[in-house]
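Colleague: If it helps, the file is called final-v6.txt and holds compact mmCIF, C-alpha atoms:
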```txt
# COMPACT_ATOMS: atom_id res chain seq x y z
CA MET A 1 -272.63 98.99 70.56
CA GLU A 2 -269.72 96.63 70.84
CA LEU A 3 -267.93 96.48 74.22
CA SER A 4 -264.18 96.48 74.20
CA ARG A 5 -262.37 93.54 75.85
CA PRO A 6 -259.61 94.17 78.40
CA HIS A 7 -256.13 93.83 77.05
CA ARG A 8 -254.27 90.69 78.20
CA PRO A 9 -250.54 90.53 77.67
CA ARG A 10 -249.50 87.54 75.70
CA VAL A 11 -246.71 85.29 76.93
CA SER A 12 -244.57 84.07 74.16
CA ARG A 13 -244.12 80.38 73.50
CA GLU A 14 -240.40 80.63 74.25
CA THR A 15 -241.10 82.12 77.69
CA ARG A 16 -243.54 79.31 78.58
CA LEU A 17 -240.99 76.68 77.59
CA LEU A 18 -238.32 78.36 79.70
CA LEU A 19 -240.53 78.48 82.80
CA SER A 20 -241.55 74.84 82.35
CA THR A 21 -237.90 73.81 82.03
CA VAL A 22 -236.98 75.66 85.26
CA LEU A 23 -239.82 74.05 87.21
CA LEU A 24 -238.96 70.57 85.96
CA SER A 25 -235.30 71.09 86.84
CA VAL A 26 -236.12 72.18 90.39
CA PHE A 27 -238.42 69.19 90.84
CA ALA A 28 -235.79 66.76 89.50
CA LEU A 29 -233.15 68.17 91.84
CA TRP A 30 -235.52 67.79 94.80
CA VAL A 31 -236.28 64.16 93.90
CA LEU A 32 -232.58 63.33 93.53
CA ALA A 33 -231.79 64.92 96.87
CA ARG A 34 -234.50 62.91 98.64
CA VAL A 35 -233.37 59.65 97.04
CA ARG A 36 -229.65 60.07 97.71
CA PHE A 37 -229.81 61.82 101.11
CA PRO A 38 -233.08 60.68 102.72
CA ASP A 39 -231.90 61.16 106.33
CA GLN A 40 -229.41 63.95 105.82
CA PRO A 41 -229.74 66.39 108.74
CA PRO A 42 -230.13 70.04 107.97
CA ALA A 43 -226.92 71.88 107.39
CA THR A 44 -225.51 73.78 110.31
CA THR A 45 -223.57 76.96 110.34
CA ALA A 46 -219.82 76.99 110.72
CA LEU A 47 -220.29 78.63 114.12
CA GLN A 48 -221.69 75.50 115.76
CA PRO A 49 -218.59 73.23 115.34
CA LEU A 50 -216.37 76.03 116.62
CA LEU A 51 -218.48 76.42 119.77
CA THR A 52 -218.48 72.65 120.28
CA GLN A 53 -214.66 72.61 120.33
CA LEU A 54 -214.68 75.09 123.22
CA GLY A 55 -216.47 72.56 125.57
CA ALA A 56 -214.44 70.42 127.99
CA ARG A 57 -213.89 66.82 126.89
CA PRO A 58 -214.44 63.88 129.31
CA THR A 59 -211.30 62.68 131.07
CA PHE A 60 -210.28 59.51 132.91
CA ALA A 61 -210.87 61.41 136.13
CA ASP A 62 -214.50 61.94 135.08
CA LEU A 63 -214.84 58.20 134.39
CA ALA A 64 -213.35 57.33 137.77
CA SER A 65 -215.77 59.73 139.45
CA GLU A 66 -218.75 58.11 137.72
CA LEU A 67 -217.56 54.63 138.75
CA ASP A 68 -217.17 55.83 142.33
CA ASP A 69 -220.74 57.15 142.31
CA LEU A 70 -221.93 53.80 140.90
CA ARG A 71 -219.96 51.91 143.58
CA GLN A 72 -221.78 53.85 146.27
CA ARG A 73 -225.16 53.08 144.70
CA LEU A 74 -224.34 49.39 144.37
CA GLY A 75 -222.92 49.25 147.88
CA ALA A 76 -226.42 49.61 149.31
CA LEU A 77 -227.44 46.41 147.49
CA PHE A 78 -224.84 44.20 149.18
CA VAL A 79 -224.21 43.04 152.71
CA GLU A 80 -221.01 41.14 153.52
CA GLY A 81 -220.65 39.90 149.95
CA ALA A 82 -224.30 38.84 149.53
CA LEU A 83 -226.90 40.50 147.30
CA ARG A 84 -229.91 41.83 149.16
CA ILE A 85 -233.21 40.40 147.88
CA GLY A 86 -235.46 41.43 150.79
CA PRO A 87 -235.54 43.59 153.93
CA ASP A 88 -233.51 40.99 155.88
CA THR A 89 -232.47 38.38 153.31
CA ALA A 90 -229.63 38.13 150.80
CA LEU A 91 -228.48 35.77 148.04
CA VAL A 92 -224.92 34.44 147.74
CA PRO A 93 -223.18 31.81 145.56
CA LEU A 94 -222.26 28.63 147.43
CA ASP A 95 -218.71 29.00 146.15
CA ALA A 96 -218.34 31.83 148.65
CA PHE A 97 -218.40 29.23 151.46
CA ASP A 98 -215.38 27.21 152.48
CA THR A 99 -217.73 24.23 152.94
CA VAL A 100 -221.20 23.75 151.49
CA PRO A 101 -223.85 24.34 154.19
CA GLY A 102 -225.84 21.30 155.26
CA PRO A 103 -229.64 21.15 155.57
CA ASP A 104 -229.48 23.05 158.85
CA GLY A 105 -227.21 25.64 157.21
CA GLY A 106 -226.03 27.76 160.07
CA PRO A 107 -227.18 30.72 162.11
CA ASP A 108 -227.43 32.83 158.95
CA VAL A 109 -228.22 30.25 156.24
CA ILE A 110 -231.93 29.89 155.50
CA ALA A 111 -231.61 27.43 152.61
CA ALA A 112 -229.05 26.24 150.08
CA ASP A 113 -229.36 24.44 146.76
CA PRO A 114 -226.48 22.28 145.43
CA VAL A 115 -227.92 22.46 141.91
CA SER A 116 -228.20 26.21 141.40
CA ARG A 117 -225.21 26.65 143.74
CA LEU A 118 -227.01 29.41 145.64
CA ALA A 119 -227.81 30.07 149.29
CA VAL A 120 -230.18 32.49 151.00
CA LEU A 121 -228.91 34.19 154.16
CA ARG A 122 -230.60 36.01 157.03
CA THR A 123 -229.14 39.51 157.37
CA ALA A 124 -229.62 42.58 159.52
CA PRO A 125 -232.75 44.53 158.57
CA SER A 126 -232.26 47.26 156.00
CA ALA A 127 -234.51 49.83 154.39
CA ALA A 128 -232.56 49.63 151.13
CA PRO A 129 -234.75 48.47 148.22
CA PRO A 130 -233.90 45.22 146.41
CA PRO A 131 -232.15 45.48 143.04
CA GLU A 132 -234.18 46.43 140.00
CA PRO A 133 -233.94 43.64 137.38
CA TRP A 134 -232.78 44.57 133.90
CA ARG A 135 -235.13 43.64 131.06
CA PRO A 136 -233.20 43.70 127.75
CA ASP A 137 -234.80 44.81 124.51
CA ASP A 138 -231.99 43.52 122.27
CA LEU A 139 -229.54 40.83 123.43
CA LEU A 140 -227.43 41.08 120.28
CA ARG A 141 -226.50 44.74 120.67
CA PRO A 142 -223.05 45.28 122.27
CA ARG A 143 -223.15 47.22 125.52
CA TYR A 144 -221.03 48.10 128.52
CA LEU A 145 -221.87 46.28 131.74
CA ILE A 146 -220.35 46.41 135.21
CA ALA A 147 -219.17 43.18 136.87
CA VAL A 148 -219.15 43.34 140.66
CA ASN A 149 -217.03 41.06 142.85
CA PRO A 150 -218.26 41.62 146.42
CA SER A 151 -215.98 40.88 149.34
CA GLY A 152 -215.55 41.87 152.93
CA GLY A 153 -213.25 44.68 151.83
CA GLY A 154 -215.80 46.32 149.54
CA LEU A 155 -216.91 46.11 145.93
CA ALA A 156 -214.52 45.60 143.03
CA LEU A 157 -216.04 47.02 139.83
CA GLN A 158 -214.96 45.82 136.39
CA PRO A 159 -216.30 47.45 133.20
CA VAL A 160 -217.11 44.78 130.63
CA LEU A 161 -217.90 45.19 126.93
CA ALA A 162 -220.54 42.49 126.50
CA GLY A 163 -222.27 41.52 123.37
CA PRO A 164 -223.81 39.80 121.79
CA LEU A 165 -225.46 37.85 124.63
CA ILE A 166 -226.30 34.41 123.22
CA PRO A 167 -229.26 32.55 124.83
CA ALA A 168 -228.26 29.05 125.99
CA THR A 169 -230.41 26.39 127.67
CA THR A 170 -228.89 24.52 130.63
CA PRO A 171 -230.52 21.86 132.84
CA PRO A 172 -230.32 23.65 136.22
CA TRP A 173 -232.33 26.64 135.00
CA ARG A 174 -235.80 26.86 133.51
CA GLU A 175 -235.03 30.08 131.66
CA PRO A 176 -232.25 30.38 129.04
CA LEU A 177 -228.98 31.84 130.25
CA TRP A 178 -227.01 34.47 128.34
CA ARG A 179 -223.67 33.07 127.19
CA LEU A 180 -220.87 35.63 127.21
CA PRO A 181 -218.45 35.85 124.28
CA ALA A 182 -215.08 34.16 124.70
CA GLY A 183 -212.47 36.39 126.28
CA SER A 184 -214.96 38.54 128.18
CA GLY A 185 -212.75 38.21 131.27
CA VAL A 186 -215.64 37.95 133.73
CA ALA A 187 -215.22 35.42 136.54
CA ALA A 188 -217.97 33.08 137.71
CA GLY A 189 -219.56 34.32 140.91
CA SER A 190 -219.63 37.95 139.79
CA PHE A 191 -222.87 39.90 139.82
CA VAL A 192 -223.43 41.99 136.69
CA PHE A 193 -225.18 45.37 136.54
CA THR A 194 -225.95 48.00 133.95
CA THR A 195 -224.27 51.37 134.18
CA ASP A 196 -227.41 52.74 135.86
CA ALA A 197 -227.29 50.07 138.64
CA ARG A 198 -229.94 47.65 137.35
CA LEU A 199 -229.23 43.96 138.02
CA VAL A 200 -228.35 41.98 134.88
CA GLY A 201 -227.69 38.69 136.68
CA LEU A 202 -225.05 36.33 138.08
CA VAL A 203 -222.12 34.87 136.12
CA VAL A 204 -221.88 31.06 136.29
CA ASP A 205 -219.76 28.40 134.62
CA VAL A 206 -221.39 26.49 131.75
CA ALA A 207 -219.36 23.78 130.01
CA ASP A 208 -216.30 25.54 128.57
CA ALA A 209 -217.59 29.10 128.92
CA VAL A 210 -219.39 31.46 131.28
CA ALA A 211 -222.95 32.73 131.11
CA ILE A 212 -225.22 35.12 132.97
CA VAL A 213 -228.22 33.86 134.92
CA PRO A 214 -230.81 36.57 134.11
CA ALA A 215 -231.88 38.73 137.01
CA LEU A 216 -235.51 37.57 136.92
CA ALA A 217 -234.48 33.88 137.06
CA LEU A 218 -231.97 34.64 139.82
CA LEU A 219 -234.51 36.44 142.00
CA GLU A 220 -237.08 33.71 141.32
CA GLU A 221 -234.59 31.11 142.59
CA GLY A 222 -234.05 33.18 145.72
CA THR A 223 -237.80 33.28 146.32
CA ARG A 224 -238.01 29.50 145.82
CA LEU A 225 -235.30 28.90 148.39
CA LEU A 226 -237.02 31.23 150.87
CA THR A 227 -240.30 29.39 150.38
CA SER A 228 -238.83 25.90 150.67
CA GLY A 229 -236.61 26.68 153.65
CA PRO A 230 -234.02 24.22 154.99
CA ARG A 231 -234.83 20.69 153.84
CA ALA A 232 -232.76 17.55 154.24
CA ARG A 233 -231.78 16.17 150.86
CA GLY A 234 -233.40 12.85 150.03
CA TYR A 235 -231.79 9.73 148.65
CA VAL A 236 -233.08 7.76 145.67
CA GLY A 237 -230.23 5.26 145.23
CA VAL A 238 -230.16 5.12 141.42
CA ASP A 239 -227.37 5.86 138.93
CA VAL A 240 -228.23 6.41 135.28
CA GLN A 241 -226.32 6.94 132.06
CA ALA A 242 -227.03 8.22 128.57
CA LEU A 243 -229.02 6.06 126.18
CA THR A 244 -226.42 5.44 123.45
CA PRO A 245 -227.56 3.87 120.14
CA PRO A 246 -226.21 0.38 121.00
CA VAL A 247 -227.80 0.46 124.46
CA ALA A 248 -231.05 1.81 122.96
CA ARG A 249 -231.21 -1.16 120.58
CA ALA A 250 -230.48 -3.56 123.43
CA VAL A 251 -233.24 -2.24 125.71
CA GLY A 252 -235.72 -1.35 122.97
CA ALA A 253 -236.10 2.34 123.78
CA ASN A 254 -235.50 5.58 121.90
CA THR A 255 -235.66 8.28 124.58
CA GLY A 256 -234.70 8.72 128.21
CA VAL A 257 -231.79 7.48 130.34
CA VAL A 258 -230.91 3.91 131.26
CA VAL A 259 -230.53 2.68 134.85
CA ALA A 260 -226.90 1.65 135.45
CA TRP A 261 -227.09 0.86 139.19
CA VAL A 262 -229.70 0.48 141.92
CA ASP A 263 -228.82 0.47 145.61
CA PRO A 264 -230.09 -2.91 146.87
CA ASP A 265 -230.88 -1.32 150.23
CA GLY A 266 -232.25 1.93 148.82
CA PRO A 267 -235.82 3.16 148.29
CA SER A 268 -235.82 2.21 144.59
CA ALA A 269 -234.69 -1.41 144.97
CA GLN A 270 -238.22 -2.85 144.68
CA SER A 271 -239.24 -0.62 141.77
CA LEU A 272 -236.29 -0.24 139.39
CA ALA A 273 -233.69 -2.59 137.92
CA ILE A 274 -230.53 -2.24 135.86
CA GLY A 275 -231.52 -1.83 132.21
CA ASP A 276 -234.80 0.00 132.91
CA VAL A 277 -235.22 3.16 130.86
CA ILE A 278 -236.53 6.24 132.66
CA GLU A 279 -238.29 8.33 130.03
CA ALA A 280 -239.74 11.11 132.20
CA VAL A 281 -239.69 12.49 135.74
CA ASP A 282 -242.72 14.34 137.12
CA GLU A 283 -244.11 14.45 133.56
CA GLN A 284 -240.96 16.15 132.22
CA PRO A 285 -239.01 14.22 129.53
CA LEU A 286 -235.49 13.19 130.52
CA ALA A 287 -232.95 14.32 127.95
CA THR A 288 -229.67 13.58 129.74
CA PRO A 289 -228.37 12.00 132.96
CA ARG A 290 -227.74 15.53 134.20
CA HIS A 291 -231.48 16.22 134.16
CA TRP A 292 -232.00 13.14 136.35
CA ALA A 293 -229.26 14.29 138.74
CA ILE A 294 -230.94 17.69 139.09
CA HIS A 295 -234.36 16.20 139.83
CA THR A 296 -232.99 13.87 142.49
CA ALA A 297 -230.67 16.48 143.99
CA ARG A 298 -233.64 18.77 144.65
CA ALA A 299 -235.82 16.04 146.12
CA PRO A 300 -236.04 16.40 149.92
CA THR A 301 -236.65 13.51 152.28
CA GLY A 302 -240.17 12.12 151.87
CA HIS A 303 -240.71 13.86 148.54
CA PRO A 304 -242.50 11.71 145.91
CA ILE A 305 -240.89 11.40 142.48
CA MET A 306 -243.09 10.12 139.66
CA VAL A 307 -241.07 8.35 136.96
CA ARG A 308 -242.22 6.87 133.64
CA VAL A 309 -240.27 3.65 133.14
CA ARG A 310 -239.94 1.38 130.13
CA ARG A 311 -238.94 -2.26 130.68
CA GLY A 312 -239.04 -4.12 127.38
CA ASP A 313 -242.54 -3.65 125.98
CA ASP A 314 -243.96 -2.62 129.36
CA LEU A 315 -244.41 1.12 130.02
CA ARG A 316 -245.59 2.21 133.45
CA THR A 317 -245.46 5.10 135.92
CA ILE A 318 -243.83 4.44 139.30
CA GLY A 319 -243.80 6.57 142.42
CA LEU A 320 -240.45 6.74 144.23
CA ILE A 321 -240.13 8.27 147.69
CA ALA A 322 -236.83 9.94 148.53
CA ALA A 323 -235.47 8.39 151.71
CA PRO A 324 -233.29 10.02 154.38
CA GLN A 325 -229.58 9.84 153.84
CA HIS A 326 -227.94 6.98 155.72
CA PRO A 327 -224.38 5.61 156.03
CA ALA A 328 -224.98 3.02 153.33
CA ALA A 329 -225.86 5.83 150.97
CA ARG A 330 -222.60 7.73 151.44
CA ALA A 331 -221.33 6.45 148.11
CA SER A 332 -224.05 8.49 146.41
CA ALA A 333 -222.23 11.64 147.52
CA LEU A 334 -219.52 10.57 145.09
CA GLY A 335 -221.79 11.70 142.24
CA LEU A 336 -220.22 9.58 139.51
CA ALA A 337 -221.78 7.40 136.84
CA LEU A 338 -218.96 5.15 135.59
CA ARG A 339 -218.36 2.62 132.83
CA ASN A 340 -215.66 -0.03 133.11
CA VAL A 341 -212.75 0.14 130.63
CA PRO A 342 -210.98 -3.23 130.88
CA ARG A 343 -207.29 -3.08 131.85
CA THR A 344 -207.47 0.72 131.90
CA GLY A 345 -209.87 1.92 134.57
CA SER A 346 -213.32 3.53 134.68
CA MET A 347 -214.69 6.12 132.27
CA VAL A 348 -216.76 8.95 133.71
CA VAL A 349 -220.21 8.90 132.10
CA ASP A 350 -221.87 11.64 134.17
CA VAL A 351 -221.05 13.90 137.11
CA GLU A 352 -223.72 14.91 139.61
CA THR A 353 -223.92 18.62 140.31
CA GLY A 354 -222.59 19.54 143.75
CA SER A 355 -221.08 16.09 144.36
CA ALA A 356 -217.54 15.18 145.45
CA ALA A 357 -216.69 14.38 141.82
CA ASP A 358 -218.02 17.76 140.72
CA ARG A 359 -215.94 19.53 143.36
CA ALA A 360 -212.88 17.55 142.26
CA GLY A 361 -213.29 18.81 138.69
CA LEU A 362 -213.96 15.48 136.99
CA ASN A 363 -215.77 15.67 133.65
CA PRO A 364 -217.66 13.19 131.46
CA GLY A 365 -215.14 11.44 129.23
CA ASP A 366 -212.36 11.38 131.83
CA VAL A 367 -210.87 7.92 132.47
CA ILE A 368 -209.95 7.20 136.10
CA THR A 369 -206.75 5.16 135.97
CA ARG A 370 -206.09 5.02 139.72
CA ALA A 371 -208.26 5.34 142.85
CA GLY A 372 -206.22 5.37 146.04
CA ALA A 373 -203.87 2.38 145.79
CA THR A 374 -205.90 0.59 143.09
CA ILE A 375 -204.55 0.66 139.52
CA ALA A 376 -207.07 0.44 136.66
CA PRO A 377 -210.02 0.51 139.11
CA THR A 378 -213.45 -0.78 138.22
CA PRO A 379 -216.47 1.42 139.05
CA ALA A 380 -217.00 -0.62 142.24
CA ALA A 381 -213.35 -0.05 143.20
CA VAL A 382 -213.70 3.72 142.75
CA ARG A 383 -216.80 3.81 144.96
CA GLY A 384 -215.14 1.56 147.52
CA ALA A 385 -212.06 3.76 147.73
CA PHE A 386 -214.29 6.79 148.26
CA GLU A 387 -216.32 5.07 151.00
CA ARG A 388 -213.18 3.98 152.83
CA ALA A 389 -211.87 7.55 152.86
CA GLU A 390 -213.95 8.08 156.04
CA GLY A 391 -214.21 11.84 155.93
CA THR A 392 -210.78 12.44 154.39
CA ALA A 393 -209.77 12.36 150.72
CA VAL A 394 -208.77 9.74 148.16
CA LEU A 395 -206.24 10.46 145.41
CA ILE A 396 -207.54 10.02 141.86
CA ALA A 397 -205.42 9.79 138.71
CA TYR A 398 -207.15 10.31 135.37
CA THR A 399 -206.58 10.95 131.68
CA ARG A 400 -208.39 13.61 129.66
CA ASN A 401 -207.95 14.04 125.91
CA GLY A 402 -204.53 12.44 126.00
CA THR A 403 -203.26 14.39 129.02
CA HIS A 404 -202.77 13.09 132.56
CA GLY A 405 -203.82 14.66 135.85
CA VAL A 406 -204.53 13.99 139.50
CA THR A 407 -207.25 15.25 141.80
CA ALA A 408 -208.77 14.31 145.15
CA LEU A 409 -212.27 13.16 146.09
CA GLU A 410 -213.22 14.64 149.45
CA GLN A 411 -216.10 13.63 151.69
CA ARG A 412 -218.02 16.40 153.41
```
As structure tokens, please, write out the structure in this file.

Modeller:
Amino acid sequence: MELSRPHRPRVSRETRLLLSTVLLSVFALWVLARVRFPDQPPATTALQPLLTQLGARPTFADLASELDDLRQRLGALFVEGALRIGPDTALVPLDAFDTVPGPDGGPDVIAADPVSRLAVLRTAPSAAPPPEPWRPDDLLRPRYLIAVNPSGGGLALQPVLAGPLIPATTPPWREPLWRLPAGSGVAAGSFVFTTDARLVGLVVDVADAVAIVPALALLEEGTRLLTSGPRARGYVGVDVQALTPPVARAVGANTGVVVAWVDPDGPSAQSLAIGDVIEAVDEQPLATPRHWAIHTARAPTGHPIMVRVRRGDDLRTIGLIAAPQHPAARASALGLALRNVPRTGSMVVDVETGSAADRAGLNPGDVITRAGATIAPTPAAVRGAFERAEGTAVLIAYTRNGTHGVTALEQR
């Protein structure tokens, strides 16, 4: 007996082709949509934009209210214009002082550094926490920051659109600074914060621009000053200048700075001579005269300074001991390395940070055409006029890039 098979409906060939075409079309449309709109958000209903328009928009009054709240939060971080860094200590730029504190500082000054231009003060105890440092994830992304200019009358807040922040290496700081774009409008001496009150850093002058000392480097400098305490600045009695190609060929050296003057009564008189090339200090290569000025400016009395010196074919390491300041060393406070320009005056080769020349605004490349009553002064005449000032000031005339100006060198 033959069993009957169940009846199966047959799908025509035309129907199968139609279904295949529909499936392929849907798949192709899906692929095209993913390729052309990979991140397209899901469509919203027309109701959502209408509801959004009903919400209140931010106003200038709202912005002012937020800035006032931020001012109150930042106010707890400052005391009399100084930034709190501990329960009873605060950090302040030296430019806030009418005169730079000496080694003994004052009743409130714990320590001051003429290189970083910072001082640490003793303040009334406070339970307020120190500022939280800002750690950026992307320096190139534009962002809004808040510049704070503290004063006895309160805090002046200035919103700043900053970005990109360009890393820049400068001798006084171990860590790179963040150079601000031209036209940022932020003044040196301002502390900078994020909009949520984290410390970005301190604005300082660098060459022809301004830059931010990062918060971590700033707080580290404050800790260093607290640890070192008040120390009398030592005296080395050596002026140096850059190793130009002609001078390098004359002395037979390729790196370092060349000794331009040695105080015959100073601590280096028996160890160094004019024409010696100092290649390194404390095992750190010397790139410019400014690096030498920073090393010596931070050397307290009695501090040893190890220098690697080349004299002809002889290379040796010498230990210099910073001596106490004495009247014969007062010319060193001038802070100028000069080169004679016959019948014209003296060209400024280098300016020591924190010196009288630095305070007077002299720059490398300036030509001093008059010092006191002396026309076309030699380097010795400039130093002599400064020494004879006896605690007052000497008038200086100079030229800079074809323009003429006057300034005053003051002894402090």

Colleague: Figure out the distance between atom CA of A:Pro130 and atom CA of A:Arg224, please, to one decimal in Å.

Modeller: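 Computing it gives 16.3 Å between the two atoms.
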
Colleague: Rank A:Arg135, A:His295, A:Arg343, A:Arg310 by their smallest atom-to-atom distance to A:Gly256, using all atoms listed in the file, and report the top residue only.

Modeller: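 Going through A:Arg135, A:His295, A:Arg343, A:Arg310 one by one, the smallest distance to A:Gly256 is for A:Arg310.
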
Colleague: Rounded to one decimal place, report the atom CA of A:Ile274-atom CA of A:Thr344 distance in Å.

Modeller: 23.6 Å

Colleague: From the set A:Pro289, A:Pro214, A:Gly185, A:Pro114, which residue has the shortest atom-to-atom contact distance to A:Glu132, counting only C-alpha atoms?

Modeller: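 Checking each of A:Pro289, A:Pro214, A:Gly185, A:Pro114 against A:Glu132, counting only C-alpha atoms, the winner is A:Pro214.
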
Colleague: Which one of A:Val192, A:Ala127, A:Val109, A:Ala389 sits closest to A:Ile146 if you count all atoms listed in the file?

Modeller: A:Val192

Colleague: With stretch 283-288 of chain A as the partner and 10 Å as the cut-off, tabulate the residues of stretch 171-253 of chain A that qualify, each row holding the nearest pair of atoms and their distance in Å to one decimal, using only C-alpha atoms, sorted by chain and rising number, as CSV.

Modeller:
```
residue,atom,partner,partner_atom,distance
A:Pro171,CA,A:Thr288,CA,8.9
A:Val240,CA,A:Thr288,CA,9.2
A:Gln241,CA,A:Thr288,CA,7.8
A:Ala242,CA,A:Thr288,CA,6.1
A:Leu243,CA,A:Thr288,CA,8.3
```

Colleague: Have a look at atom CA of A:Thr374 and atom CA of A:Ala337 and let me know their distance in Å, one decimal.

Modeller: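 Rounded to one decimal, the two atoms are 18.4 Å apart.
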
Colleague: Please list as a PyMOL selection string every residue within 8 Å of A:Val406, counting only C-alpha atoms and excluding residues in the same chain fewer than 5 positions away.

Modeller: chain A and resi 395-398

Colleague: Which one of A:Val257, A:Leu18, A:Val341, A:Leu219 sits closest to A:Pro377 if you count only C-alpha atoms?

Modeller: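 Once distances to A:Pro377 are computed over only C-alpha atoms, the minimum belongs to A:Val341.
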
Colleague: Point out the residue among A:Ile166, A:Ala248, A:Leu70, A:Leu202 with the least atom-to-atom distance to A:Leu216, counting only C-alpha atoms.

Modeller: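 Once distances to A:Leu216 are computed over only C-alpha atoms, the minimum belongs to A:Leu202.
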
Colleague: Please identify all polymer residues within 7 Å of A:Thr194, counting all atoms listed in the file, omitting same-chain residues fewer than 4 positions from it, and present them as a ChimeraX atom specification.

Modeller: /A:145-146,198-200

Colleague: Determine the nearest neighbour of A:Trp178 from the options A:Phe193, A:Leu140, A:Thr244, A:Leu362, counting all atoms listed in the file.

Modeller: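 With all atoms listed in the file as the atom set, the closest residue is A:Leu140.
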
Colleague: Using only C-alpha atoms, determine which residues lie at most 8 Å from A:Leu338, disregarding the query and same-chain residues fewer than 2 positions distant; provide the list as an mmCIF file with C-alpha atoms, in the coordinates of the input.

Modeller:
```cif
data_model
loop_
_atom_site.group_PDB
_atom_site.id
_atom_site.type_symbol
_atom_site.label_atom_id
_atom_site.label_comp_id
_atom_site.auth_asym_id
_atom_site.auth_seq_id
_atom_site.Cartn_x
_atom_site.Cartn_y
_atom_site.Cartn_z
ATOM 1 C CA LEU A 336 -220.220 9.580 139.510
ATOM 2 C CA ASN A 340 -215.660 -0.030 133.110
ATOM 3 C CA SER A 346 -213.320 3.530 134.680
ATOM 4 C CA MET A 347 -214.690 6.120 132.270
ATOM 5 C CA VAL A 348 -216.760 8.950 133.710
ATOM 6 C CA VAL A 349 -220.210 8.900 132.100
ATOM 7 C CA ASP A 350 -221.870 11.640 134.170
ATOM 8 C CA PRO A 379 -216.470 1.420 139.050
#
```

Colleague: Taking the partial coordinates given, rebuild stretch 271-285 of chain A to contain N, CA and C atoms; return it as a compact mmCIF listing (two decimals), in the frame of the given file.

Modeller:
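Once written, selection01.txt looks like this:
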```txt
# COMPACT_ATOMS: atom_id res chain seq x y z
N SER A 271 -238.51 -1.22 142.89
CA SER A 271 -239.24 -0.62 141.77
C SER A 271 -238.44 -0.57 140.48
N LEU A 272 -237.13 -0.40 140.57
CA LEU A 272 -236.29 -0.24 139.39
C LEU A 272 -235.23 -1.33 139.34
N ALA A 273 -234.74 -1.60 138.13
CA ALA A 273 -233.69 -2.59 137.92
C ALA A 273 -232.74 -2.09 136.85
N ILE A 274 -231.51 -2.61 136.87
CA ILE A 274 -230.53 -2.24 135.86
C ILE A 274 -231.09 -2.59 134.47
N GLY A 275 -230.98 -1.64 133.55
CA GLY A 275 -231.52 -1.83 132.21
C GLY A 275 -232.86 -1.17 131.98
N ASP A 276 -233.56 -0.78 133.07
CA ASP A 276 -234.80 0.00 132.91
C ASP A 276 -234.46 1.35 132.26
N VAL A 277 -235.39 1.86 131.49
CA VAL A 277 -235.22 3.16 130.86
C VAL A 277 -236.21 4.14 131.48
N ILE A 278 -235.69 5.20 132.08
CA ILE A 278 -236.53 6.24 132.66
C ILE A 278 -236.74 7.31 131.59
N GLU A 279 -237.99 7.41 131.12
CA GLU A 279 -238.29 8.33 130.03
C GLU A 279 -238.69 9.72 130.52
N ALA A 280 -239.28 9.81 131.71
CA ALA A 280 -239.74 11.11 132.20
C ALA A 280 -239.76 11.10 133.72
N VAL A 281 -239.60 12.29 134.30
CA VAL A 281 -239.69 12.49 135.74
C VAL A 281 -240.67 13.62 136.00
N ASP A 282 -241.70 13.33 136.83
CA ASP A 282 -242.72 14.34 137.12
C ASP A 282 -243.25 14.96 135.84
N GLU A 283 -243.52 14.09 134.85
CA GLU A 283 -244.11 14.45 133.56
C GLU A 283 -243.19 15.31 132.69
N GLN A 284 -241.92 15.41 133.04
CA GLN A 284 -240.96 16.15 132.22
C GLN A 284 -240.02 15.15 131.56
N PRO A 285 -239.90 15.17 130.22
CA PRO A 285 -239.01 14.22 129.53
C PRO A 285 -237.57 14.35 130.02
```
